[in-house]
Each structure stands twice: as structure tokens, then as C-alpha cells.
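Student: Sending over a structure as C-alpha cells; questions will come in a sec.
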Amino acid sequence: MILISYGVVLLVLIASLIVCSIIALILTKPFNIIYSRYKINKKLKDFLGENNIDKLYKVHNLPYDYEMILRNSRYYIYLLPNPKNYDIHFIDDRFYFIDKQMRVKKKIKLGTFYNFQPQLDKNRETKKLIIVYPNTDFIYNHLDSVNKVFVYVDDMVGGIYIISATDLYNLEELL
């Protein structure tokens, strides 16, 4: 009788550990996204603080998340969450999340940001920037149905610069 009770207790303990680990795994994905967004915000603010460059504005209800004003340029920044680390592909004026086996997973809905025409500034060059977070391995631009090229940090795709959040560590070189 005592051996059965210890076996039941052990079984319940193992089952509860499995359930707790599954719950922890489910909850860490959204936390990673929120934390990555926080790190991007902090990196942008640190960059502006170190260089005494103009300003960073967090905006709401607009097609972009941040507006960063530098001496010679104005950036409209859109933060794009990519929790499953899919590759980003630009095909026929549209961005897509595509997995490693080249299966289309999801069309990225950037309609309002993609079609957004920033107000021209006489003193500064205006640029649109997408930051993919927490990360993406590769960003591709499809030239036609057969040929595609890697998109590097200083390449413009569809009138937009697109980088991963890991590229923010070289922010001075990017801007």
C-alpha cells in the first residue's frame, strides 16, 4: 500500500512538472517578443543619447512605430514581429514570411506602411525602415520568378530598408 502511494505521488509529480514546462514554453514566446521590442526601443534611445542627435518619437495610430530625426535624415520605422524566425522574401511588391523549406507561411500585411508616403523635408532625406524582430536569418529580393538576391543592410527593397534586430548593434554604420 505504501509503495503504491509513493508511485502515485511520483507519477503526479512528474505529470505536474511536464504540465508546468509546457506552460512555461508557451508563455516565453510572447515574452521574447515583448522583450525584443523593448531592447530595440532601448538601443534606439541609447544611440540618440550617445550621439546627441535630434529625437526619437514613439507614435500611435499611424502606419509606423517610431519616427527618428537625425541631422541629415528622417527615418520612419516599422517593427515587424517574426517569432518563428522565418525568412523574409520580397516578391512582386509584397513581403512574405517563408520557412526554410521554401513554403509560404504568411503574407506580411504592410499595406499602410508600404503605401505610406512620408512628408518630404527640405533639410533631411526621408527613409522608411523595417526592423524585423527578434531575428530573421535571411532577407531575399526576388528579381523574377527564378532569380533572387540577398538583401544587405544598405540595400533598399521596394523603397524600404529592411533589417533584422541583430543588425541594430551596428546602428551607426546603418544610418
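Simple scheme: letters A, B, ... for chains in C-alpha cells order, numbers from 1 for residues in each chain, numbers from 1 for ligands in the order shown.
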With only C-alpha atoms as the counted atoms, please give the residues lying no more than 10 Å from A:Tyr152, apart from itself and same-chain residues fewer than 3 positions off, as a VMD selection string.
Tutor: chain A and resid 138 to 140 149 155 to 157 161 to 163
Student: As number ranges by chain, please: every residue in chain A that a backbone DSSP assignment puts in helix (DSSP H, G or I).
Tutor: A: 2-51, 111-115, 165-174
Student: Quick one: residues within 6 Å of A:Ser73, only C-alpha atoms counted, chain neighbours fewer than 2 positions away excluded, as an NGL selection string?
Tutor: :A and (70-71 or 124-126)
Student: Using only C-alpha atoms, which protein or nucleic acid residues come within 9 Å of A:Pro81? Drop anything in the same chain fewer than 5 positions from it, and give the result as a list in words.
Tutor: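 Within the cut-off, the hits are Ile33, Arg37, Ile131, Val132, Tyr133, Pro134 and Asn135 of chain A.
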Student: Pull N, CA and C atoms from the residues just selected and write them as an mmCIF file, in the first residue's frame.
Tutor:
```
data_model
loop_
_atom_site.group_PDB
_atom_site.id
_atom_site.type_symbol
_atom_site.label_atom_id
_atom_site.label_comp_id
_atom_site.auth_asym_id
_atom_site.auth_seq_id
_atom_site.Cartn_x
_atom_site.Cartn_y
_atom_site.Cartn_z
ATOM 1 N N ILE A 33 9.079 38.195 -27.546
ATOM 2 C CA ILE A 33 8.678 39.244 -28.483
ATOM 3 C C ILE A 33 8.640 40.598 -27.785
ATOM 4 N N ARG A 37 11.220 43.808 -28.435
ATOM 5 C CA ARG A 37 10.717 45.147 -28.767
ATOM 6 C C ARG A 37 11.286 46.184 -27.791
ATOM 7 N N ILE A 131 12.287 47.003 -39.122
ATOM 8 C CA ILE A 131 13.161 46.219 -38.251
ATOM 9 C C ILE A 131 12.415 44.934 -37.907
ATOM 10 N N VAL A 132 12.965 43.805 -38.329
ATOM 11 C CA VAL A 132 12.361 42.502 -38.071
ATOM 12 C C VAL A 132 12.920 41.988 -36.752
ATOM 13 N N TYR A 133 12.045 41.667 -35.824
ATOM 14 C CA TYR A 133 12.488 41.211 -34.510
ATOM 15 C C TYR A 133 11.754 39.958 -34.104
ATOM 16 N N PRO A 134 12.251 39.103 -33.250
ATOM 17 C CA PRO A 134 13.564 39.107 -32.642
ATOM 18 C C PRO A 134 14.692 38.905 -33.652
ATOM 19 N N ASN A 135 14.425 38.187 -34.769
ATOM 20 C CA ASN A 135 15.504 37.974 -35.728
ATOM 21 C C ASN A 135 14.933 37.385 -37.008
#
```
Student: What's the 12 Å shell around A:Ile160, counting only C-alpha atoms, without same-chain residues fewer than 4 positions away, as a VMD selection string?
Tutor: chain A and resid 75 to 78 90 93 to 95 110 113 to 118 126 to 131 141 151 153 to 156
Student: Please write the residues from the selection above to a file, keeping C-alpha atoms, as a CSV table (one decimal), in the first residue's frame.
Tutor:
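Just written: result.csv:
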```csv
chain,number,residue,atom,x,y,z
A,75,TYR,CA,13.5,57.6,-40.5
A,76,TYR,CA,10.0,56.2,-40.3
A,77,ILE,CA,10.5,52.9,-38.5
A,78,TYR,CA,8.1,49.9,-38.5
A,90,PHE,CA,10.0,40.4,-51.3
A,93,ASP,CA,5.8,44.3,-54.4
A,94,ARG,CA,4.8,42.1,-51.4
A,95,PHE,CA,6.6,40.8,-48.4
A,110,LEU,CA,2.3,46.1,-44.7
A,113,PHE,CA,3.3,51.3,-44.2
A,114,TYR,CA,4.2,50.2,-47.7
A,115,ASN,CA,1.9,52.7,-49.3
A,116,PHE,CA,2.7,55.4,-46.8
A,117,GLN,CA,4.3,58.5,-48.5
A,118,PRO,CA,6.3,60.4,-45.9
A,126,THR,CA,13.3,60.7,-45.6
A,127,LYS,CA,13.6,57.0,-45.4
A,128,LYS,CA,11.4,54.1,-44.4
A,129,LEU,CA,12.9,51.3,-42.3
A,130,ILE,CA,11.5,47.9,-41.2
A,131,ILE,CA,13.2,46.2,-38.3
A,141,ASN,CA,14.6,40.2,-53.0
A,151,VAL,CA,19.2,41.9,-49.2
A,153,VAL,CA,21.7,46.2,-44.6
A,154,ASP,CA,22.3,49.1,-47.0
A,155,ASP,CA,20.0,47.7,-49.8
A,156,MET,CA,16.6,49.2,-50.4
```
Student: Where in stretch 14-89 of chain A does DSSP assign strand (DSSP E), given as JSON, numbers by chain?
Tutor: {"A": [55, 56, 57, 58, 66, 67, 68, 69, 73, 74, 75, 76, 77, 78, 79, 80, 81, 82, 87, 88, 89]}
Student: Output C-alpha atoms for every residue in that selection, as a PDB file, in the first residue's frame.
Tutor:
```pdb
ATOM      1  CA  LYS A  55      14.939  62.979 -31.485  1.00  0.00           C
ATOM      2  CA  LEU A  56      13.056  59.702 -31.402  1.00  0.00           C
ATOM      3  CA  TYR A  57       9.276  59.688 -31.291  1.00  0.00           C
ATOM      4  CA  LYS A  58       7.120  56.680 -30.489  1.00  0.00           C
ATOM      5  CA  TYR A  66       8.816  55.282 -34.490  1.00  0.00           C
ATOM      6  CA  GLU A  67       9.964  58.448 -36.143  1.00  0.00           C
ATOM      7  CA  MET A  68      13.663  59.175 -35.742  1.00  0.00           C
ATOM      8  CA  ILE A  69      15.048  62.539 -36.753  1.00  0.00           C
ATOM      9  CA  SER A  73      17.767  62.206 -42.419  1.00  0.00           C
ATOM     10  CA  ARG A  74      14.367  61.306 -41.036  1.00  0.00           C
ATOM     11  CA  TYR A  75      13.505  57.631 -40.532  1.00  0.00           C
ATOM     12  CA  TYR A  76      10.016  56.188 -40.313  1.00  0.00           C
ATOM     13  CA  ILE A  77      10.480  52.876 -38.516  1.00  0.00           C
ATOM     14  CA  TYR A  78       8.092  49.926 -38.543  1.00  0.00           C
ATOM     15  CA  LEU A  79       8.693  46.995 -36.179  1.00  0.00           C
ATOM     16  CA  LEU A  80       7.794  43.633 -37.706  1.00  0.00           C
ATOM     17  CA  PRO A  81       7.448  40.661 -35.321  1.00  0.00           C
ATOM     18  CA  ASN A  82       8.888  37.368 -36.577  1.00  0.00           C
ATOM     19  CA  ASP A  87      12.997  34.210 -43.865  1.00  0.00           C
ATOM     20  CA  ILE A  88      11.626  37.413 -45.374  1.00  0.00           C
ATOM     21  CA  HIS A  89      11.003  37.466 -49.140  1.00  0.00           C
TER      22      HIS A  89
END
```
Student: How many Å separate atom CA of A:Pro63 from atom CA of A:Lys84?
Tutor: 23.3 Å
Student: Pick the closest to A:Asp167 from A:Gln119, A:Asn41, A:Asn85, A:Thr136: which is it, counting only C-alpha atoms?
Tutor: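 Among the listed residues, the smallest separation from A:Asp167 belongs to A:Thr136.
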Student: Between A:Tyr6, A:Asp144, A:Leu17, A:Asn72, which one has atoms that come closest to A:Lys122, using only C-alpha atoms?
Tutor: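 Between A:Tyr6, A:Asp144, A:Leu17, A:Asn72, the residue approaching A:Lys122 most closely is A:Asn72.
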Student: With distances taken over only C-alpha atoms, which residue among A:Gly159, A:Asp92, A:Ile22, A:Ala165 lies nearest A:Tyr38?
Tutor: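 Of A:Gly159, A:Asp92, A:Ile22, A:Ala165, the one nearest A:Tyr38 is A:Ala165, counting only C-alpha atoms.
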Student: Looking at A:Ile34, A:Leu10, A:Cys20, A:Ala15, which one is nearest to A:Pro83, with distances taken over only C-alpha atoms?
Tutor: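 Closest candidate: A:Ile34.
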Student: Find, counting only C-alpha atoms, the residue in A:Lys42, A:Ile98, A:Lys148, A:Thr112 that gets nearest to A:Tyr64.
Tutor: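 The answer is A:Thr112, which sits nearest to A:Tyr64.
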Student: Rounded to one decimal place, report the atom CA of A:Lys43-atom CA of A:Tyr169 distance in Å.
Tutor: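 A separation of 7.9 Å between them.
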